[in-house]
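All remarks here apply to the structure that follows.
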Amino acid sequence: MGNGLHERKRTPGNSQQLRFWVQFVFILLCLWIGVEFTLWYFWHEGSGAIALLRPPGVEGFLPISALMTLYYFFLSGSIHPVHPAGAFILLAIILMSVLVKKSFCSWLCPIGTVSENIGEFGRKIFGRNFGVWRWLDYPLRSLKYLMLAFLVWVVFFGMDALSLQQFLDSPYNKVADVKMFLFFKNITQFSLVVIGILVALSMVIRNFWCRYLCPYGALLGITGLLSPFRITRNAENCIDCAKCAKACPNRIAVDRLNVVMSDECTSCMACVEACPVRDTLQLKASRKSRFAFKPAWVAASVIGIFLLVTGFAMLTGNWHSSVTEQEFSRRIKDIDNPIYQHNQGSAPPEDATSGEATTSGSAGSY
Ligand code: SF4
Ligand code: SF4
């Protein structure tokens with residue numbers, strides 16, 4: 001170990017700067033969607049001055065509706081038209097994880113980016129981030145899987161194509177994005193306290209939400225197990241400096257593993273970046289494989305898959321909701337009607353307007 005280290009010293013890369021810029025651009029995109037949606041809402045509510053079209057990308061924040069739309073497609077063979085963009089965004093995210101594990105979490109997810117920066121801020125204040133005891137860590141990590149299991153049980157075992165269609169056509173689902181917006185617009189004290197607690201915990205325990213509570217992360221952890229690529233350590237080159245384990249935001253003991261199989265690995269490449277010895281830590285299909293997935297390729301893969309899948313949805317006319325601007329306008333003005341309560345979610349559509357032609361948005365807009 002360690003012989004000829006000078007010859008094998010690794011030139012520092014820029015994977016983490018690259019990841020920062022990818023996260024930055026994606027969070028800007030999400031902010032733009034948020035601003036566009038807010039202006040759109042106020043216009044339809046009657047108090048806005050700027051008339052904008054609804055950005056379909058907002059459906060990326062409706063994971064349950066997206067999951068139902070995807071499942072409906074598998075059962076019926078047709079793409080349900082109320083929130084198609086959400087389903088394609090979810091599909092893109094799942095495909096990313098099948099190729100390079102939970103890469104969405106560390107390269108694109110806006111919640112992941114915010115959580116990571118809160119953790120970084122906490123590290124600056126307290127001098128370090130803390131972990132929970134191992135005996136508590138495992139049961140806590142299972143919470144997100146329990147939430148996912150509940151969702152899977154309700155959707156995959158409790159609903160057939162007809163009940164899915166009834167939910168997707170329901171008044172509640174048609175305005176699910178508006179309801180989500182109103183949740184934040186009229187946020188209750190209780191919700192603020194819960195968010196405050198999550199922020200405080202994320203300062204102390206890095207990625208608290210992602211590690212313990214995010215069912216999306218749980219889904220990607222499972223689909224990521226299909227990925228052919230894993231962080232692999234060449235034990236012959238390794239000098240046991242443990243820099244990789246220290247750099248890992250998900251507290252994986254990379255320095256003690258030959259292959260990282262963990263469902264928590266997000267292919268962030270921080271460990272590869274931290275490793276001082278060339279060709280010792282790589283993202284590869286197997287330890288013997290000569291082909292290593294470079295950080296730039298991870299970035300290219302997540303961006304490429306996202307653009308390809310969402311672009312396909314746009315080009316094939318499956319991006320914009322079938323709910324027209326006029327229908328949205330009417331529903332927003334009537335949003336306090338009990339038909340928009342969640343427990344009315346699986347009720348049949350209350351009128352025949354669900355089949356109106358798509359008019360919202362321009363073809364290339366997120
Ligand atoms: S093992 Fe490496 S790539 Fe995986 S999460 Fe940890 S630092 Fe990132
Ligand atoms: S960073 Fe990790 S893999 Fe690289 S030499 Fe140090 S202990 Fe070994």
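Starting from 1 in every chain, residues are counted up; chains themselves are A, B, ... following the order of the structure tokens, and ligands are numbered from 1 as listed.
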
Report as a tab-separated table: every residue of chain A with an atom at most 8 Å from ligand 1, its closest pair of atoms, and their distance in Å to one decimal, counting only C-alpha atoms and all ligand atoms, with rows sorted by chain and ascending residue number.
residue	atom	partner	partner_atom_place_in_ligand_line	distance
A:Ile231	CA	ligand 1	1 (S)	6.3
A:Cys244	CA	ligand 1	7 (S)	6.7
A:Ala245	CA	ligand 1	7 (S)	7.1
A:Ala247	CA	ligand 1	7 (S)	5.9
A:Cys248	CA	ligand 1	7 (S)	3.5
A:Pro249	CA	ligand 1	6 (Fe)	5.8
A:Asn250	CA	ligand 1	5 (S)	5.3
A:Arg251	CA	ligand 1	6 (Fe)	6.7
A:Ile252	CA	ligand 1	6 (Fe)	5.6
A:Ala253	CA	ligand 1	1 (S)	7.8
A:Val254	CA	ligand 1	1 (S)	5.9
A:Val260	CA	ligand 1	1 (S)	6.3
A:Ser262	CA	ligand 1	1 (S)	7.9
A:Glu264	CA	ligand 1	5 (S)	6.4
A:Cys265	CA	ligand 1	4 (Fe)	3.7
A:Thr266	CA	ligand 1	5 (S)	4.5
A:Ser267	CA	ligand 1	3 (S)	3.7
A:Cys268	CA	ligand 1	8 (Fe)	4.0
A:Met269	CA	ligand 1	3 (S)	4.1
A:Ala270	CA	ligand 1	7 (S)	4.3
A:Cys271	CA	ligand 1	7 (S)	4.1
A:Val272	CA	ligand 1	2 (Fe)	6.4
A:Leu283	CA	ligand 1	3 (S)	7.9

Convert the current residue selection to file output with C-alpha atoms, as a tab-separated table (two decimals), in the first residue's frame.
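Result written to result14.tsv:
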chain	number	residue	atom	x	y	z
A	231	ILE	CA	-18.55	3.28	-6.22
A	244	CYS	CA	-13.65	9.43	1.18
A	245	ALA	CA	-15.73	8.47	4.20
A	247	ALA	CA	-16.46	13.54	2.42
A	248	CYS	CA	-19.53	11.34	2.03
A	249	PRO	CA	-22.65	13.39	2.86
A	250	ASN	CA	-24.55	10.17	3.51
A	251	ARG	CA	-22.12	8.82	6.08
A	252	ILE	CA	-21.18	5.72	4.09
A	253	ALA	CA	-17.97	4.08	5.32
A	254	VAL	CA	-16.47	4.13	1.81
A	260	VAL	CA	-20.64	0.66	-2.15
A	262	SER	CA	-25.81	1.26	-0.04
A	264	GLU	CA	-28.16	5.87	0.41
A	265	CYS	CA	-25.46	6.46	-2.24
A	266	THR	CA	-26.51	9.35	-4.49
A	267	SER	CA	-23.58	9.21	-6.94
A	268	CYS	CA	-22.60	12.68	-5.76
A	269	MET	CA	-18.93	11.80	-6.47
A	270	ALA	CA	-17.71	13.67	-3.35
A	271	CYS	CA	-15.79	10.58	-2.23
A	272	VAL	CA	-14.12	10.19	-5.63
A	283	LEU	CA	-17.88	4.68	-10.26

Exercise: Trp40 in chain A partners within 10 Å, only C-alpha atoms, chain neighbours under 4 positions left out, as a PyMOL selection string: chain A and resi 34-36+44-45+48-55+325+329

Please produce a file of those selected residues containing C-alpha atoms, as an mmCIF file, in the first residue's frame.
data_model
loop_
_atom_site.group_PDB
_atom_site.id
_atom_site.type_symbol
_atom_site.label_atom_id
_atom_site.label_comp_id
_atom_site.auth_asym_id
_atom_site.auth_seq_id
_atom_site.Cartn_x
_atom_site.Cartn_y
_atom_site.Cartn_z
ATOM 1 C CA GLY A 34 -42.704 28.914 -8.905
ATOM 2 C CA VAL A 35 -42.793 32.585 -9.929
ATOM 3 C CA GLU A 36 -44.653 31.796 -13.153
ATOM 4 C CA HIS A 44 -56.900 33.656 -12.395
ATOM 5 C CA GLU A 45 -57.855 34.528 -8.826
ATOM 6 C CA GLY A 48 -52.917 39.665 -10.610
ATOM 7 C CA ALA A 49 -51.725 42.087 -13.256
ATOM 8 C CA ILE A 50 -49.739 39.712 -15.479
ATOM 9 C CA ALA A 51 -51.433 37.074 -17.603
ATOM 10 C CA LEU A 52 -49.178 34.018 -17.849
ATOM 11 C CA LEU A 53 -49.806 30.459 -18.937
ATOM 12 C CA ARG A 54 -49.570 27.691 -16.359
ATOM 13 C CA PRO A 55 -46.087 26.097 -16.333
ATOM 14 C CA GLU A 325 -57.111 27.978 -18.782
ATOM 15 C CA SER A 329 -60.005 30.037 -13.879
#

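For range 305-337 of chain A, backbone-based DSSP labels the following residues as alpha helix (DSSP H): Ile305, Phe306, Leu307, Leu308, Val309, Thr310, Gly311, Phe312, Ala313, Met314, Leu315, Glu325, Gln326, Glu327, Phe328, Ser329, Arg330, Arg331, Ile332 and Lys333 of chain A.
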
So which residues touch Ala176 in chain A within 9 Å, counting only C-alpha atoms, skipping near sequence neighbours fewer than 3 positions away, as a PDB file with N, CA, C and O atoms, in the first residue's frame?
ATOM      1  N   GLU A  59     -45.988  20.290 -12.113  1.00  0.00           N
ATOM      2  CA  GLU A  59     -46.469  18.931 -11.795  1.00  0.00           C
ATOM      3  C   GLU A  59     -45.348  18.031 -11.258  1.00  0.00           C
ATOM      4  O   GLU A  59     -45.615  16.960 -10.721  1.00  0.00           O
ATOM      5  N   LEU A  62     -45.932  17.164  -7.758  1.00  0.00           N
ATOM      6  CA  LEU A  62     -47.124  16.369  -7.427  1.00  0.00           C
ATOM      7  C   LEU A  62     -46.784  14.881  -7.592  1.00  0.00           C
ATOM      8  O   LEU A  62     -47.299  14.206  -8.489  1.00  0.00           O
ATOM      9  N   SER A  65     -49.782  12.160  -7.624  1.00  0.00           N
ATOM     10  CA  SER A  65     -50.572  12.193  -8.855  1.00  0.00           C
ATOM     11  C   SER A  65     -49.747  11.624 -10.014  1.00  0.00           C
ATOM     12  O   SER A  65     -50.269  10.898 -10.870  1.00  0.00           O
ATOM     13  N   PRO A 171     -62.188  16.556  -9.364  1.00  0.00           N
ATOM     14  CA  PRO A 171     -61.918  17.994  -9.200  1.00  0.00           C
ATOM     15  C   PRO A 171     -60.670  18.219  -8.350  1.00  0.00           C
ATOM     16  O   PRO A 171     -59.876  19.109  -8.635  1.00  0.00           O
ATOM     17  N   TYR A 172     -60.495  17.424  -7.307  1.00  0.00           N
ATOM     18  CA  TYR A 172     -59.331  17.618  -6.422  1.00  0.00           C
ATOM     19  C   TYR A 172     -58.023  17.456  -7.202  1.00  0.00           C
ATOM     20  O   TYR A 172     -57.119  18.284  -7.110  1.00  0.00           O
ATOM     21  N   ASN A 173     -57.927  16.392  -7.990  1.00  0.00           N
ATOM     22  CA  ASN A 173     -56.675  16.165  -8.726  1.00  0.00           C
ATOM     23  C   ASN A 173     -56.431  17.255  -9.763  1.00  0.00           C
ATOM     24  O   ASN A 173     -55.297  17.661 -10.002  1.00  0.00           O
ATOM     25  N   LYS A 179     -53.944  23.575  -4.942  1.00  0.00           N
ATOM     26  CA  LYS A 179     -54.080  23.263  -3.525  1.00  0.00           C
ATOM     27  C   LYS A 179     -52.702  23.287  -2.846  1.00  0.00           C
ATOM     28  O   LYS A 179     -52.564  23.771  -1.727  1.00  0.00           O
ATOM     29  N   MET A 180     -51.688  22.765  -3.547  1.00  0.00           N
ATOM     30  CA  MET A 180     -50.332  22.765  -2.978  1.00  0.00           C
ATOM     31  C   MET A 180     -49.856  24.218  -2.801  1.00  0.00           C
ATOM     32  O   MET A 180     -49.286  24.579  -1.774  1.00  0.00           O
ATOM     33  N   PHE A 181     -50.119  25.046  -3.817  1.00  0.00           N
ATOM     34  CA  PHE A 181     -49.736  26.448  -3.741  1.00  0.00           C
ATOM     35  C   PHE A 181     -50.432  27.128  -2.561  1.00  0.00           C
ATOM     36  O   PHE A 181     -49.813  27.882  -1.790  1.00  0.00           O
ATOM     37  N   TYR A 340     -63.405  20.196  -3.744  1.00  0.00           N
ATOM     38  CA  TYR A 340     -61.941  20.230  -3.880  1.00  0.00           C
ATOM     39  C   TYR A 340     -61.229  19.746  -2.620  1.00  0.00           C
ATOM     40  O   TYR A 340     -60.023  19.915  -2.492  1.00  0.00           O
TER      41      TYR A 340
END

How close does each residue of chain A get to ligand 2, giving the shortest atom pair and distance in Å to one decimal for every residue with an atom at most 6 Å away, counting only C-alpha atoms and all ligand atoms, sorted by chain and residue number, as a Markdown table?
| residue | atom | partner | partner_atom_place_in_ligand_line | distance |
| --- | --- | --- | --- | --- |
| A:Arg233 | CA | ligand 2 | 3 (S) | 5.6 |
| A:Cys238 | CA | ligand 2 | 8 (Fe) | 3.8 |
| A:Ile239 | CA | ligand 2 | 5 (S) | 4.5 |
| A:Asp240 | CA | ligand 2 | 7 (S) | 3.8 |
| A:Cys241 | CA | ligand 2 | 6 (Fe) | 3.9 |
| A:Ala242 | CA | ligand 2 | 7 (S) | 3.8 |
| A:Lys243 | CA | ligand 2 | 1 (S) | 4.2 |
| A:Cys244 | CA | ligand 2 | 1 (S) | 4.0 |
| A:Asp255 | CA | ligand 2 | 7 (S) | 4.3 |
| A:Ala274 | CA | ligand 2 | 1 (S) | 5.8 |
| A:Cys275 | CA | ligand 2 | 1 (S) | 3.5 |
| A:Pro276 | CA | ligand 2 | 4 (Fe) | 5.8 |
| A:Val277 | CA | ligand 2 | 5 (S) | 5.5 |
| A:Thr280 | CA | ligand 2 | 3 (S) | 5.7 |
| A:Leu281 | CA | ligand 2 | 3 (S) | 5.3 |

Quick one: residues within 6 Å of range 190-203 of chain A, only C-alpha atoms counted, chain neighbours fewer than 6 positions away excluded, as a CSV table (one decimal) with N, CA and C atoms, in the first residue's frame?
chain,number,residue,atom,x,y,z
A,118,ILE,N,-28.4,23.8,3.9
A,118,ILE,CA,-28.7,24.0,5.4
A,118,ILE,C,-27.7,23.2,6.2
A,119,GLY,N,-27.4,22.0,5.8
A,119,GLY,CA,-26.5,21.2,6.5
A,119,GLY,C,-25.1,21.8,6.5
A,122,GLY,N,-25.1,24.6,8.9
A,122,GLY,CA,-25.0,24.1,10.3
A,122,GLY,C,-23.6,23.7,10.6

For a test of reading the model, state the distance in Å between CA of Val154 in chain A and CA of Leu95 in chain A, rounded to one decimal.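 The value is 23.2 Å.
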
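Using only C-alpha atoms, the smallest distance between any of A:Leu307, A:Leu226, A:Val152, A:Val323 and Val100 in chain A comes from A:Leu226.
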
All residues 9 Å or closer to range 287-294 of chain A, only C-alpha atoms, same chain fewer than 3 positions away omitted, as a ChimeraX atom specification: /A:15,229,232-234,258-259,269,282-284,297-299

Atom pair CA of Ser170 in chain A / CA of Gln189 in chain A: separation (Å): 29.2 Å

Set the distance at 8 Å and use only C-alpha atoms: which residues neighbour range 313-318 of chain A once local chain neighbours fewer than 3 positions away are removed? I'd like the list as a ChimeraX atom specification. /A:79,81,84-85,88,309-310,321,363-364

Dump C-alpha atoms for the selected residues as a short mmCIF file (atom, residue, chain, number, x, y, z; two decimals), in the first residue's frame?
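Saved to again_33.cif:
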data_model
loop_
_atom_site.label_atom_id
_atom_site.label_comp_id
_atom_site.auth_asym_id
_atom_site.auth_seq_id
_atom_site.Cartn_x
_atom_site.Cartn_y
_atom_site.Cartn_z
CA ILE A 79 -51.48 8.62 -20.76
CA PRO A 81 -54.16 13.96 -19.71
CA PRO A 84 -49.03 14.23 -17.86
CA ALA A 85 -45.92 16.37 -17.25
CA PHE A 88 -42.93 12.16 -17.44
CA VAL A 309 -37.88 12.43 -21.49
CA THR A 310 -39.46 15.85 -20.98
CA SER A 321 -52.69 19.48 -19.01
CA ALA A 363 -45.01 23.78 -26.73
CA GLY A 364 -41.53 24.27 -25.32
#

Write out as a ChimeraX atom specification the set of residues from range 167-323 of chain A that DSSP, computed on the backbone, places in strand (DSSP E or B). /A:230-233,259,277,281-284,292-293

For N, CA and C atoms, I'd like the residues from the last selection saved as a JSON list (two decimals), in the first residue's frame.
[["chain", "number", "residue", "atom", "x", "y", "z"],
["A", 230, "ARG", "N", -21.49, 1.30, -9.47],
["A", 230, "ARG", "CA", -21.33, 1.49, -8.02],
["A", 230, "ARG", "C", -19.96, 2.07, -7.75],
["A", 231, "ILE", "N", -19.86, 2.80, -6.64],
["A", 231, "ILE", "CA", -18.55, 3.28, -6.22],
["A", 231, "ILE", "C", -17.72, 2.05, -5.81],
["A", 232, "THR", "N", -16.56, 1.90, -6.45],
["A", 232, "THR", "CA", -15.70, 0.76, -6.12],
["A", 232, "THR", "C", -14.34, 1.26, -5.64],
["A", 233, "ARG", "N", -13.78, 0.56, -4.67],
["A", 233, "ARG", "CA", -12.49, 0.95, -4.09],
["A", 233, "ARG", "C", -11.44, -0.10, -4.43],
["A", 259, "VAL", "N", -17.01, -2.32, -2.50],
["A", 259, "VAL", "CA", -18.05, -1.85, -3.42],
["A", 259, "VAL", "C", -19.16, -1.22, -2.57],
["A", 277, "VAL", "N", -5.59, 9.35, -4.23],
["A", 277, "VAL", "CA", -4.82, 8.40, -5.05],
["A", 277, "VAL", "C", -5.57, 8.08, -6.34],
["A", 281, "LEU", "N", -10.67, 5.14, -6.28],
["A", 281, "LEU", "CA", -12.11, 5.17, -6.05],
["A", 281, "LEU", "C", -12.79, 5.60, -7.35],
["A", 282, "GLN", "N", -13.65, 4.72, -7.88],
["A", 282, "GLN", "CA", -14.28, 5.04, -9.17],
["A", 282, "GLN", "C", -15.73, 4.54, -9.18],
["A", 283, "LEU", "N", -16.51, 5.15, -10.05],
["A", 283, "LEU", "CA", -17.88, 4.68, -10.26],
["A", 283, "LEU", "C", -17.82, 3.70, -11.44],
["A", 284, "LYS", "N", -17.99, 2.40, -11.12],
["A", 284, "LYS", "CA", -17.78, 1.38, -12.16],
["A", 284, "LYS", "C", -18.84, 0.29, -12.08],
["A", 292, "ALA", "N", -14.75, 3.38, -16.28],
["A", 292, "ALA", "CA", -15.20, 4.13, -15.09],
["A", 292, "ALA", "C", -16.07, 5.31, -15.53],
["A", 293, "PHE", "N", -17.14, 5.50, -14.81],
["A", 293, "PHE", "CA", -18.10, 6.58, -15.12],
["A", 293, "PHE", "C", -17.55, 7.87, -14.51]]

Nearest to Phe73 in chain A, chosen from A:Ile111, A:Ala92, A:Leu18, A:Leu168, with only C-alpha atoms counted in the distances: A:Leu168

Exercise: Asn117 in chain A partners within 12 Å, only C-alpha atoms, chain neighbours under 3 positions left out, as a list of chain:residue names: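 Counting only the stated atoms, we get A:Phe20, A:Gln23, A:Phe24, A:Ser106, A:Pro110, A:Ile111, A:Gly112, A:Thr113, A:Val114, A:Glu120, A:Phe121, A:Gly122, A:Arg123, A:Lys124, A:Asn129, A:Val199, A:Ser202, A:Met203, A:Val204, A:Ile205, A:Arg206, A:Asn207, A:Phe208, A:Pro249.
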
Preceding selection exported with N, CA and C atoms as a compact mmCIF listing (two decimals), in the first residue's frame:
# COMPACT_ATOMS: atom_id res chain seq x y z
N PHE A 20 -22.42 21.64 -8.16
CA PHE A 20 -23.01 22.88 -7.64
C PHE A 20 -23.72 23.64 -8.77
N GLN A 23 -26.92 21.88 -9.85
CA GLN A 23 -27.97 22.13 -8.83
C GLN A 23 -28.49 23.56 -8.93
N PHE A 24 -27.56 24.49 -9.13
CA PHE A 24 -27.91 25.91 -9.18
C PHE A 24 -28.86 26.19 -10.35
N SER A 106 -28.82 14.16 -5.46
CA SER A 106 -27.65 15.03 -5.22
C SER A 106 -27.33 15.95 -6.40
N PRO A 110 -34.40 19.98 -5.88
CA PRO A 110 -34.29 21.28 -5.18
C PRO A 110 -34.34 21.12 -3.66
N ILE A 111 -35.13 20.15 -3.18
CA ILE A 111 -35.19 19.93 -1.72
C ILE A 111 -33.83 19.41 -1.24
N GLY A 112 -33.23 18.51 -2.03
CA GLY A 112 -31.90 18.00 -1.69
C GLY A 112 -30.87 19.12 -1.65
N THR A 113 -30.95 20.03 -2.62
CA THR A 113 -30.00 21.15 -2.68
C THR A 113 -30.16 22.05 -1.46
N VAL A 114 -31.42 22.38 -1.14
CA VAL A 114 -31.67 23.25 0.03
C VAL A 114 -31.20 22.53 1.30
N GLU A 120 -24.71 22.41 5.41
CA GLU A 120 -23.41 23.08 5.29
C GLU A 120 -23.36 24.30 6.21
N PHE A 121 -24.48 25.02 6.26
CA PHE A 121 -24.59 26.18 7.14
C PHE A 121 -24.44 25.72 8.61
N GLY A 122 -25.11 24.62 8.95
CA GLY A 122 -25.03 24.08 10.31
C GLY A 122 -23.60 23.67 10.65
N ARG A 123 -22.90 23.12 9.66
CA ARG A 123 -21.51 22.69 9.89
C ARG A 123 -20.62 23.89 10.20
N LYS A 124 -20.92 25.00 9.51
CA LYS A 124 -20.13 26.22 9.77
C LYS A 124 -20.41 26.75 11.18
N ASN A 129 -21.24 18.41 11.41
CA ASN A 129 -22.61 17.86 11.43
C ASN A 129 -22.58 16.63 12.33
N VAL A 199 -35.92 22.14 9.47
CA VAL A 199 -34.75 22.96 9.13
C VAL A 199 -33.70 22.85 10.24
N SER A 202 -32.04 19.57 10.10
CA SER A 202 -31.16 19.45 8.93
C SER A 202 -29.85 20.21 9.14
N MET A 203 -29.87 21.22 10.02
CA MET A 203 -28.63 21.93 10.34
C MET A 203 -27.70 21.04 11.16
N VAL A 204 -28.31 20.26 12.03
CA VAL A 204 -27.50 19.43 12.93
C VAL A 204 -27.16 18.09 12.25
N ILE A 205 -28.18 17.48 11.66
CA ILE A 205 -28.00 16.17 11.02
C ILE A 205 -28.14 16.37 9.51
N ARG A 206 -27.05 16.21 8.81
CA ARG A 206 -27.04 16.50 7.37
C ARG A 206 -28.05 15.64 6.62
N ASN A 207 -28.77 16.25 5.70
CA ASN A 207 -29.76 15.55 4.88
C ASN A 207 -30.83 14.85 5.70
N PHE A 208 -31.25 15.47 6.79
CA PHE A 208 -32.21 14.81 7.69
C PHE A 208 -33.47 14.36 6.94
N PRO A 249 -21.56 12.71 2.14
CA PRO A 249 -22.65 13.39 2.86
C PRO A 249 -23.65 12.40 3.46

Restricting the calculation to only C-alpha atoms: of A:Gln17, A:Thr38, A:Thr69, A:Arg330, which residue gets closest to Asp169 in chain A?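 Of A:Gln17, A:Thr38, A:Thr69, A:Arg330, the one nearest Asp169 in chain A, counting only C-alpha atoms, is A:Thr69.
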